[in-house]
Amino acid sequence: MGRSERGGTSWWLRDRSTGAIVIAQPPNAAIVVFLAALALRLSPYDRVDTELRYVGSGALIVWGLDEAVRGVNPFRRALGGLVLLWQAAGLALR
């Protein structure tokens with residue numbers, strides 16, 4: 001399959017506006033909030049663990065929705081959709 005054919009690696013990873021291959025981008029606010037909540041959960045203060053878990057899940061839901069809707073390529077949109085499904089399943093099982 002050619003590089004530009006639909007379904008090829010290039011098609012999945014190429015930014016439609018710039019033509020660059022994009023797998024990861026600098027963290028945005030939602031990812032920073034998730035990472036901060038994760039880091040704080042590792043602290044010795046157990047009383048806030050549940051709240052931080054919900055904050056982290058909420059941040060990942062925002063990130064996943066943003067990627068699913070506005071991702072720069074099919075890979076990023078699919079990744080956002082998978083994160084949304086993962087978070088929805090996790091919340092349903094709590």
# chains A, B, ... in the order shown; residues from 1 in each chain; ligands from 1
>>> residues_around(residues="Leu84 in chain A", least_positions_apart="2", cutoff="8 Å", atoms="only C-alpha atoms", output="JSON, numbers by chain")
{"A": [60, 61, 64, 65, 80, 81, 82, 86, 87, 88]}
>>> select_by_dssp(residues="chain A", states="helix (DSSP H, G or I)", output="PyMOL selection string")
chain A and resi 9-13+29-41+46-70+74-93
>>> residues_around(residues="Leu40 in chain A", least_positions_apart="3", cutoff="12 Å", atoms="only C-alpha atoms", output="list in words")
Val33, Phe34, Leu35, Ala36, Ala37, Ser43, Pro44, Tyr45, Asp46, Arg47, Val48, Asp49, Thr50, Glu51, Leu52, Arg53, Val55 and Gly56 of chain A
>>> decode(residues="range 62-83 of chain A", atoms="N, CA and C atoms", output="tab-separated table (two decimals), in the first residue's frame")
chain	number	residue	atom	x	y	z
A	62	VAL	N	-11.88	15.11	29.48
A	62	VAL	CA	-11.77	16.35	28.70
A	62	VAL	C	-10.74	16.18	27.58
A	63	TRP	N	-9.57	15.61	27.90
A	63	TRP	CA	-8.53	15.40	26.89
A	63	TRP	C	-9.02	14.46	25.79
A	64	GLY	N	-9.64	13.34	26.18
A	64	GLY	CA	-10.12	12.37	25.20
A	64	GLY	C	-11.18	12.95	24.29
A	65	LEU	N	-12.09	13.72	24.85
A	65	LEU	CA	-13.13	14.35	24.04
A	65	LEU	C	-12.52	15.35	23.07
A	66	ASP	N	-11.57	16.14	23.56
A	66	ASP	CA	-10.90	17.12	22.69
A	66	ASP	C	-10.18	16.41	21.55
A	67	GLU	N	-9.45	15.35	21.84
A	67	GLU	CA	-8.74	14.62	20.79
A	67	GLU	C	-9.70	13.93	19.83
A	68	ALA	N	-10.78	13.34	20.35
A	68	ALA	CA	-11.73	12.65	19.48
A	68	ALA	C	-12.39	13.62	18.51
A	69	VAL	N	-12.61	14.84	18.95
A	69	VAL	CA	-13.29	15.83	18.11
A	69	VAL	C	-12.30	16.63	17.25
A	70	ARG	N	-11.17	17.04	17.84
A	70	ARG	CA	-10.26	17.95	17.15
A	70	ARG	C	-8.88	17.38	16.90
A	71	GLY	N	-8.70	16.09	17.00
A	71	GLY	CA	-7.37	15.49	16.79
A	71	GLY	C	-6.84	15.79	15.40
A	72	VAL	N	-5.52	15.94	15.27
A	72	VAL	CA	-4.93	16.36	14.00
A	72	VAL	C	-4.82	15.24	12.98
A	73	ASN	N	-5.03	14.00	13.40
A	73	ASN	CA	-4.97	12.88	12.46
A	73	ASN	C	-5.84	11.74	13.01
A	74	PRO	N	-6.12	10.74	12.20
A	74	PRO	CA	-6.96	9.64	12.66
A	74	PRO	C	-6.41	8.91	13.88
A	75	PHE	N	-5.09	8.79	14.00
A	75	PHE	CA	-4.50	8.14	15.17
A	75	PHE	C	-4.87	8.88	16.44
A	76	ARG	N	-4.72	10.21	16.44
A	76	ARG	CA	-5.03	11.01	17.64
A	76	ARG	C	-6.53	10.96	17.94
A	77	ARG	N	-7.38	10.98	16.93
A	77	ARG	CA	-8.83	10.90	17.16
A	77	ARG	C	-9.20	9.54	17.74
A	78	ALA	N	-8.60	8.48	17.21
A	78	ALA	CA	-8.88	7.14	17.73
A	78	ALA	C	-8.36	7.01	19.17
A	79	LEU	N	-7.18	7.55	19.44
A	79	LEU	CA	-6.63	7.52	20.80
A	79	LEU	C	-7.56	8.24	21.77
A	80	GLY	N	-8.07	9.40	21.37
A	80	GLY	CA	-9.03	10.13	22.21
A	80	GLY	C	-10.28	9.31	22.47
A	81	GLY	N	-10.79	8.63	21.44
A	81	GLY	CA	-11.97	7.78	21.61
A	81	GLY	C	-11.71	6.62	22.55
A	82	LEU	N	-10.53	6.01	22.44
A	82	LEU	CA	-10.19	4.90	23.34
A	82	LEU	C	-10.07	5.36	24.79
A	83	VAL	N	-9.48	6.53	25.00
A	83	VAL	CA	-9.37	7.06	26.36
A	83	VAL	C	-10.77	7.35	26.92
